[in-house]
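Undergrad: Handing over upload08.cif, mmCIF, C-alpha atoms.
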```
data_structure
loop_
_atom_site.label_atom_id
_atom_site.label_comp_id
_atom_site.auth_asym_id
_atom_site.auth_seq_id
_atom_site.Cartn_x
_atom_site.Cartn_y
_atom_site.Cartn_z
CA MET A 1 -11.06 13.31 -7.42
CA SER A 2 -7.64 11.83 -8.08
CA ARG A 3 -4.91 14.37 -8.69
CA ILE A 4 -2.70 11.87 -10.50
CA GLY A 5 -5.41 9.89 -12.25
CA LYS A 6 -6.81 12.81 -14.19
CA TYR A 7 -3.58 13.28 -16.18
CA PRO A 8 -3.09 11.09 -19.25
CA VAL A 9 0.02 8.94 -19.68
CA ILE A 10 1.94 10.34 -22.64
CA ILE A 11 3.61 7.68 -24.79
CA PRO A 12 7.10 8.68 -26.01
CA ASN A 13 8.50 7.86 -29.46
CA GLY A 14 9.75 4.28 -29.82
CA VAL A 15 7.20 2.86 -27.36
CA THR A 16 4.07 0.99 -28.42
CA VAL A 17 1.23 0.53 -25.95
CA THR A 18 -1.75 -1.76 -26.39
CA VAL A 19 -4.85 -1.94 -24.20
CA GLU A 20 -6.83 -5.18 -24.52
CA ASN A 21 -9.57 -6.14 -22.06
CA ASN A 22 -7.93 -5.28 -18.72
CA VAL A 23 -4.27 -5.73 -19.75
CA VAL A 24 -1.96 -2.87 -20.72
CA THR A 25 1.19 -3.95 -22.59
CA ALA A 26 4.13 -1.63 -23.33
CA LYS A 27 6.99 -2.47 -25.72
CA GLY A 28 10.13 -0.40 -26.04
CA LYS A 29 13.87 -0.54 -26.52
CA LEU A 30 14.40 -2.06 -23.05
CA GLY A 31 11.84 -4.86 -23.36
CA GLU A 32 8.18 -5.60 -22.88
CA LEU A 33 6.10 -5.20 -19.72
CA SER A 34 2.43 -5.71 -18.99
CA PHE A 35 0.04 -4.74 -16.22
CA THR A 36 -3.39 -6.17 -15.41
CA PHE A 37 -5.77 -3.66 -13.84
CA ASP A 38 -9.12 -4.10 -12.12
CA ASP A 39 -11.74 -3.65 -14.86
CA ASN A 40 -14.58 -3.55 -12.32
CA HIS A 41 -13.53 -0.12 -11.04
CA VAL A 42 -11.42 1.64 -13.72
CA ALA A 43 -11.20 1.75 -17.52
CA ALA A 44 -8.17 2.54 -19.66
CA LYS A 45 -8.30 3.55 -23.30
CA LEU A 46 -5.74 4.53 -25.89
CA GLU A 47 -6.19 7.96 -27.52
CA GLU A 48 -3.56 9.09 -30.06
CA ASN A 49 -0.26 9.15 -28.08
CA LYS A 50 -1.92 8.92 -24.67
CA VAL A 51 -3.43 6.37 -22.32
CA VAL A 52 -6.40 7.79 -20.41
CA VAL A 53 -7.57 6.12 -17.20
CA SER A 54 -11.04 6.87 -15.83
CA PRO A 55 -13.09 5.52 -12.91
CA LEU A 56 -16.28 3.60 -13.67
CA SER A 57 -18.08 4.85 -10.54
CA GLN A 58 -17.59 7.26 -7.67
CA SER A 59 -17.01 4.54 -5.06
CA LYS A 60 -14.04 4.69 -2.71
CA GLU A 61 -12.36 1.68 -4.37
CA ALA A 62 -12.75 3.15 -7.86
CA ARG A 63 -11.26 6.49 -6.82
CA ALA A 64 -8.38 4.72 -5.05
CA LEU A 65 -7.60 2.48 -8.02
CA TRP A 66 -7.87 5.33 -10.52
CA GLY A 67 -4.61 7.03 -9.49
CA THR A 68 -2.88 3.73 -8.75
CA THR A 69 -3.67 2.33 -12.20
CA ARG A 70 -2.48 5.49 -13.92
CA ALA A 71 0.78 5.44 -11.92
CA GLN A 72 1.38 1.76 -12.78
CA ILE A 73 0.84 2.40 -16.49
CA ASN A 74 3.17 5.42 -16.34
CA THR A 75 5.82 3.25 -14.66
CA LEU A 76 5.50 0.65 -17.45
CA VAL A 77 5.97 3.26 -20.16
CA LYS A 78 8.93 4.88 -18.39
CA GLY A 79 10.51 1.48 -17.72
CA VAL A 80 10.51 0.28 -21.33
CA SER A 81 11.73 3.65 -22.64
CA GLU A 82 14.25 4.87 -20.02
CA GLY A 83 14.59 2.12 -17.41
CA PHE A 84 15.20 2.34 -13.67
CA LYS A 85 18.42 2.26 -11.67
CA LYS A 86 19.39 1.77 -8.02
CA GLU A 87 22.89 2.47 -6.74
CA LEU A 88 24.41 0.68 -3.74
CA GLU A 89 27.72 1.27 -1.99
CA LEU A 90 29.77 -0.94 0.30
CA VAL A 91 31.24 0.68 3.41
CA GLY A 92 33.79 -1.24 5.46
CA VAL A 93 37.37 -2.46 5.35
CA GLY A 94 37.66 -5.36 2.92
CA TYR A 95 34.08 -5.09 1.66
CA LYS A 96 34.06 -5.39 -2.12
CA ALA A 97 31.96 -6.63 -5.00
CA ARG A 98 32.61 -7.91 -8.51
CA VAL A 99 30.49 -9.18 -11.38
CA GLU A 100 31.23 -12.59 -12.88
CA GLY A 101 29.60 -13.51 -16.15
CA SER A 102 26.63 -11.35 -16.97
CA HIS A 103 24.27 -11.81 -14.01
CA LYS A 104 26.36 -13.18 -11.12
CA LEU A 105 27.43 -10.82 -8.34
CA VAL A 106 30.15 -11.93 -5.90
CA LEU A 107 30.24 -10.02 -2.61
CA SER A 108 33.00 -10.07 0.03
CA LEU A 109 31.26 -8.78 3.15
CA GLY A 110 33.42 -9.98 6.03
CA PHE A 111 31.99 -13.49 6.20
CA SER A 112 34.20 -16.58 6.05
CA HIS A 113 32.97 -17.08 2.48
CA ASP A 114 31.99 -14.95 -0.50
CA VAL A 115 28.29 -14.34 -1.05
CA ILE A 116 27.19 -15.20 -4.60
CA PHE A 117 24.02 -13.52 -5.85
CA GLU A 118 22.33 -14.64 -9.09
CA ALA A 119 20.23 -11.92 -10.73
CA PRO A 120 17.37 -12.56 -13.17
CA LYS A 121 18.13 -12.20 -16.88
CA THR A 122 16.09 -8.97 -17.16
CA ILE A 123 18.24 -7.17 -14.56
CA ASN A 124 21.69 -5.72 -15.28
CA ILE A 125 24.24 -5.53 -12.47
CA ALA A 126 27.44 -3.53 -12.86
CA CYS A 127 30.30 -2.54 -10.57
CA ALA A 128 31.99 0.77 -11.44
CA SER A 129 34.45 0.22 -8.59
CA PRO A 130 34.83 -2.55 -6.00
CA THR A 131 32.63 -0.61 -3.58
CA GLN A 132 29.92 0.56 -6.02
CA ILE A 133 27.05 -1.63 -7.30
CA SER A 134 24.52 -0.51 -9.91
CA VAL A 135 21.27 -2.43 -10.44
CA SER A 136 19.25 -1.46 -13.53
CA GLY A 137 16.36 -2.76 -15.59
CA ALA A 138 12.95 -1.98 -17.06
CA ASP A 139 10.78 -3.26 -14.18
CA LYS A 140 10.82 -0.76 -11.29
CA GLN A 141 9.53 -3.25 -8.73
CA LEU A 142 12.10 -5.90 -9.68
CA VAL A 143 15.02 -3.43 -9.65
CA GLY A 144 14.06 -2.31 -6.14
CA GLN A 145 13.56 -5.89 -4.98
CA ILE A 146 16.99 -7.02 -6.23
CA ALA A 147 18.69 -3.97 -4.65
CA SER A 148 16.91 -4.74 -1.38
CA GLU A 149 17.99 -8.39 -1.46
CA ILE A 150 21.64 -7.38 -2.02
CA ARG A 151 21.40 -4.88 0.86
CA LYS A 152 19.92 -7.56 3.13
CA TYR A 153 23.17 -9.55 3.18
CA ARG A 154 24.83 -6.91 5.39
CA LYS A 155 22.66 -3.95 6.40
CA PRO A 156 24.51 -0.83 7.59
CA GLU A 157 25.10 -0.97 11.32
CA PRO A 158 24.64 2.17 13.47
CA TYR A 159 28.04 2.33 15.22
CA LYS A 160 30.56 2.51 12.37
CA GLY A 161 28.15 2.56 9.42
CA LYS A 162 29.65 -0.60 7.90
CA GLY A 163 27.53 -2.57 5.45
CA VAL A 164 25.71 -2.31 2.12
CA LYS A 165 23.69 0.88 1.78
CA TYR A 166 21.89 2.82 -0.92
CA VAL A 167 23.76 5.81 -2.34
CA GLY A 168 22.53 8.85 -0.44
CA GLU A 169 21.00 6.80 2.39
CA TYR A 170 21.46 8.33 5.81
CA VAL A 171 22.55 5.84 8.46
CA ARG A 172 21.61 7.06 11.91
CA ARG A 173 24.73 6.75 14.04
CA LYS A 174 24.88 5.81 17.70
CA GLU A 175 27.51 6.69 20.25
CA GLY A 176 29.77 3.84 21.37
CA LYS A 177 30.71 2.84 24.89
CA LYS A 178 31.80 5.54 27.32
CA LYS A 179 34.58 5.12 29.84
#
```
Here is the file; what I need is its structure written in the form of structure tokens.
TA:
Amino acid sequence: MSRIGKYPVIIPNGVTVTVENNVVTAKGKLGELSFTFDDNHVAAKLEENKVVVSPLSQSKEARALWGTTRAQINTLVKGVSEGFKKELELVGVGYKARVEGSHKLVLSLGFSHDVIFEAPKTINIACASPTQISVSGADKQLVGQIASEIRKYRKPEPYKGKGVKYVGEYVRRKEGKKK
């Protein structure tokens, strides 16, 4: 029995959720998101202010998709009501970032040129300081993907820790050369 799947997804005020066929759509102050689930193994229905997910059989696939579907629906509801945020920081001499326009991030990461990153329209990028980057939006997967793509330009190296890293990320350090 799924520990997560048995709990209903509670819909907060200001969010409307519709369940049609095998598509769950959530609308809120931060936008609209939808999720298509496997209707061969699980069923989702709307009851008052809750979305209840239940398995259609006791097969291994149905039990596995039960909790996954409930978690995806919960993520949709949380995304359109509160949103998700990832924080990045730049460590290194001369490493800095700035936002140009509304969705263009310009990074100076020690290359001979600046790196220009174009974000999708649904994602907000902000720089509180030249070494802090904040990626936010309603879609959890897309926010994480964009943060990962920014980090990929210069991953933190293990000797001095220079690079783009998540806030709170531990970079395992190595000892340098010995004489």
Undergrad: Can you tell me, as a ChimeraX atom specification, what residues are no more than 12 Å from stretch 86-91 of chain A when counting only C-alpha atoms, ignoring any on the same chain fewer than 2 positions away?
TA: /A:83-84,93-98,107-110,123-157,160-169,171
Undergrad: Could you write out that same residue set with C-alpha atoms as a PDB file, in the coordinates of the input?
TA:
```pdb
ATOM      1  CA  GLY A  83      14.590   2.120 -17.410  1.00  0.00           C
ATOM      2  CA  PHE A  84      15.200   2.340 -13.670  1.00  0.00           C
ATOM      3  CA  VAL A  93      37.370  -2.460   5.350  1.00  0.00           C
ATOM      4  CA  GLY A  94      37.660  -5.360   2.920  1.00  0.00           C
ATOM      5  CA  TYR A  95      34.080  -5.090   1.660  1.00  0.00           C
ATOM      6  CA  LYS A  96      34.060  -5.390  -2.120  1.00  0.00           C
ATOM      7  CA  ALA A  97      31.960  -6.630  -5.000  1.00  0.00           C
ATOM      8  CA  ARG A  98      32.610  -7.910  -8.510  1.00  0.00           C
ATOM      9  CA  LEU A 107      30.240 -10.020  -2.610  1.00  0.00           C
ATOM     10  CA  SER A 108      33.000 -10.070   0.030  1.00  0.00           C
ATOM     11  CA  LEU A 109      31.260  -8.780   3.150  1.00  0.00           C
ATOM     12  CA  GLY A 110      33.420  -9.980   6.030  1.00  0.00           C
ATOM     13  CA  ILE A 123      18.240  -7.170 -14.560  1.00  0.00           C
ATOM     14  CA  ASN A 124      21.690  -5.720 -15.280  1.00  0.00           C
ATOM     15  CA  ILE A 125      24.240  -5.530 -12.470  1.00  0.00           C
ATOM     16  CA  ALA A 126      27.440  -3.530 -12.860  1.00  0.00           C
ATOM     17  CA  CYS A 127      30.300  -2.540 -10.570  1.00  0.00           C
ATOM     18  CA  ALA A 128      31.990   0.770 -11.440  1.00  0.00           C
ATOM     19  CA  SER A 129      34.450   0.220  -8.590  1.00  0.00           C
ATOM     20  CA  PRO A 130      34.830  -2.550  -6.000  1.00  0.00           C
ATOM     21  CA  THR A 131      32.630  -0.610  -3.580  1.00  0.00           C
ATOM     22  CA  GLN A 132      29.920   0.560  -6.020  1.00  0.00           C
ATOM     23  CA  ILE A 133      27.050  -1.630  -7.300  1.00  0.00           C
ATOM     24  CA  SER A 134      24.520  -0.510  -9.910  1.00  0.00           C
ATOM     25  CA  VAL A 135      21.270  -2.430 -10.440  1.00  0.00           C
ATOM     26  CA  SER A 136      19.250  -1.460 -13.530  1.00  0.00           C
ATOM     27  CA  GLY A 137      16.360  -2.760 -15.590  1.00  0.00           C
ATOM     28  CA  ALA A 138      12.950  -1.980 -17.060  1.00  0.00           C
ATOM     29  CA  ASP A 139      10.780  -3.260 -14.180  1.00  0.00           C
ATOM     30  CA  LYS A 140      10.820  -0.760 -11.290  1.00  0.00           C
ATOM     31  CA  GLN A 141       9.530  -3.250  -8.730  1.00  0.00           C
ATOM     32  CA  LEU A 142      12.100  -5.900  -9.680  1.00  0.00           C
ATOM     33  CA  VAL A 143      15.020  -3.430  -9.650  1.00  0.00           C
ATOM     34  CA  GLY A 144      14.060  -2.310  -6.140  1.00  0.00           C
ATOM     35  CA  GLN A 145      13.560  -5.890  -4.980  1.00  0.00           C
ATOM     36  CA  ILE A 146      16.990  -7.020  -6.230  1.00  0.00           C
ATOM     37  CA  ALA A 147      18.690  -3.970  -4.650  1.00  0.00           C
ATOM     38  CA  SER A 148      16.910  -4.740  -1.380  1.00  0.00           C
ATOM     39  CA  GLU A 149      17.990  -8.390  -1.460  1.00  0.00           C
ATOM     40  CA  ILE A 150      21.640  -7.380  -2.020  1.00  0.00           C
ATOM     41  CA  ARG A 151      21.400  -4.880   0.860  1.00  0.00           C
ATOM     42  CA  LYS A 152      19.920  -7.560   3.130  1.00  0.00           C
ATOM     43  CA  TYR A 153      23.170  -9.550   3.180  1.00  0.00           C
ATOM     44  CA  ARG A 154      24.830  -6.910   5.390  1.00  0.00           C
ATOM     45  CA  LYS A 155      22.660  -3.950   6.400  1.00  0.00           C
ATOM     46  CA  PRO A 156      24.510  -0.830   7.590  1.00  0.00           C
ATOM     47  CA  GLU A 157      25.100  -0.970  11.320  1.00  0.00           C
ATOM     48  CA  LYS A 160      30.560   2.510  12.370  1.00  0.00           C
ATOM     49  CA  GLY A 161      28.150   2.560   9.420  1.00  0.00           C
ATOM     50  CA  LYS A 162      29.650  -0.600   7.900  1.00  0.00           C
ATOM     51  CA  GLY A 163      27.530  -2.570   5.450  1.00  0.00           C
ATOM     52  CA  VAL A 164      25.710  -2.310   2.120  1.00  0.00           C
ATOM     53  CA  LYS A 165      23.690   0.880   1.780  1.00  0.00           C
ATOM     54  CA  TYR A 166      21.890   2.820  -0.920  1.00  0.00           C
ATOM     55  CA  VAL A 167      23.760   5.810  -2.340  1.00  0.00           C
ATOM     56  CA  GLY A 168      22.530   8.850  -0.440  1.00  0.00           C
ATOM     57  CA  GLU A 169      21.000   6.800   2.390  1.00  0.00           C
ATOM     58  CA  VAL A 171      22.550   5.840   8.460  1.00  0.00           C
TER      59      VAL A 171
END
```
Undergrad: By how many Å are atom CA of A:Asn22 and atom CA of A:Ala43 apart?
TA: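 For atom CA of A:Asn22 relative to atom CA of A:Ala43, the distance reads 7.8 Å.
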Undergrad: For A:Trp66, please output as a PDB file with C-alpha atoms, keeping the file's coordinate frame all residues within 10 Å (counting only C-alpha atoms; exclusion window: fewer than 3 positions along the same chain).
TA:
```
ATOM      1  CA  MET A   1     -11.060  13.310  -7.420  1.00  0.00           C
ATOM      2  CA  SER A   2      -7.640  11.830  -8.080  1.00  0.00           C
ATOM      3  CA  ARG A   3      -4.910  14.370  -8.690  1.00  0.00           C
ATOM      4  CA  ILE A   4      -2.700  11.870 -10.500  1.00  0.00           C
ATOM      5  CA  GLY A   5      -5.410   9.890 -12.250  1.00  0.00           C
ATOM      6  CA  LYS A   6      -6.810  12.810 -14.190  1.00  0.00           C
ATOM      7  CA  PHE A  37      -5.770  -3.660 -13.840  1.00  0.00           C
ATOM      8  CA  ASP A  38      -9.120  -4.100 -12.120  1.00  0.00           C
ATOM      9  CA  HIS A  41     -13.530  -0.120 -11.040  1.00  0.00           C
ATOM     10  CA  VAL A  42     -11.420   1.640 -13.720  1.00  0.00           C
ATOM     11  CA  ALA A  43     -11.200   1.750 -17.520  1.00  0.00           C
ATOM     12  CA  ALA A  44      -8.170   2.540 -19.660  1.00  0.00           C
ATOM     13  CA  VAL A  53      -7.570   6.120 -17.200  1.00  0.00           C
ATOM     14  CA  SER A  54     -11.040   6.870 -15.830  1.00  0.00           C
ATOM     15  CA  PRO A  55     -13.090   5.520 -12.910  1.00  0.00           C
ATOM     16  CA  LEU A  56     -16.280   3.600 -13.670  1.00  0.00           C
ATOM     17  CA  LYS A  60     -14.040   4.690  -2.710  1.00  0.00           C
ATOM     18  CA  GLU A  61     -12.360   1.680  -4.370  1.00  0.00           C
ATOM     19  CA  ALA A  62     -12.750   3.150  -7.860  1.00  0.00           C
ATOM     20  CA  ARG A  63     -11.260   6.490  -6.820  1.00  0.00           C
ATOM     21  CA  THR A  69      -3.670   2.330 -12.200  1.00  0.00           C
ATOM     22  CA  ARG A  70      -2.480   5.490 -13.920  1.00  0.00           C
ATOM     23  CA  ALA A  71       0.780   5.440 -11.920  1.00  0.00           C
TER      24      ALA A  71
END
```
Undergrad: So the first atom is atom CA of A:Ser34 and the second is atom CA of A:Asn74; what is the distance between them in Å, to one decimal place?
TA: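 One can read the atom CA of A:Ser34 to atom CA of A:Asn74 distance as 11.5 Å.
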Undergrad: Given the file shown, enumerate the residues that the PyMOL selection byres ((chain A and resi 26) around 7) captures and present them as a PyMOL selection string.
TA: chain A and resi 15-18+24-25+27-28+32-34+76-77+80
Undergrad: Restricting the calculation to only C-alpha atoms: of A:Leu30, A:Ile73, A:Leu105, A:Val19, which residue gets closest to A:Ala119?
TA: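 Nearest to A:Ala119: A:Leu105.
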Undergrad: Find the distance between atom CA of A:Glu82 and atom CA of A:Leu65 and write it in Å to one decimal.
TA: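 Here the two named atoms are 25.0 Å from each other.
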Undergrad: Given the choices A:Pro12, A:Glu175, A:Tyr159, A:Tyr170, which gets closest to A:Lys50 if the distance is worked out from only C-alpha atoms?
TA: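 The shortest atom-to-atom distance to A:Lys50 comes from A:Pro12.
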Undergrad: Exactly which residues make up the result of the PyMOL selection byres ((chain A and resi 173) around 6) on this file, given as a list in words?
TA: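 Selected by the PyMOL selection byres ((chain A and resi 173) around 6) here: Pro158, Tyr159, Arg172 and Lys174 of chain A.
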Undergrad: Counting all atoms listed in the file, which residue out of A:Val9, A:Pro120, A:Lys177, A:Gln72 sits closest to A:Glu47?
TA: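 Using all atoms listed in the file, A:Glu47 sits closest to A:Val9.
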Undergrad: Kindly indicate which residue among A:Phe117, A:Ala64, A:Asp39, A:Ser81 lies nearest to A:Ser102, using all atoms listed in the file for the distances.
TA: A:Phe117
Undergrad: Nearest to A:Glu100 among A:Ile116, A:Gly14, A:Lys85, A:Val52, with distances taken over all atoms listed in the file: which residue is it?
TA: A:Ile116
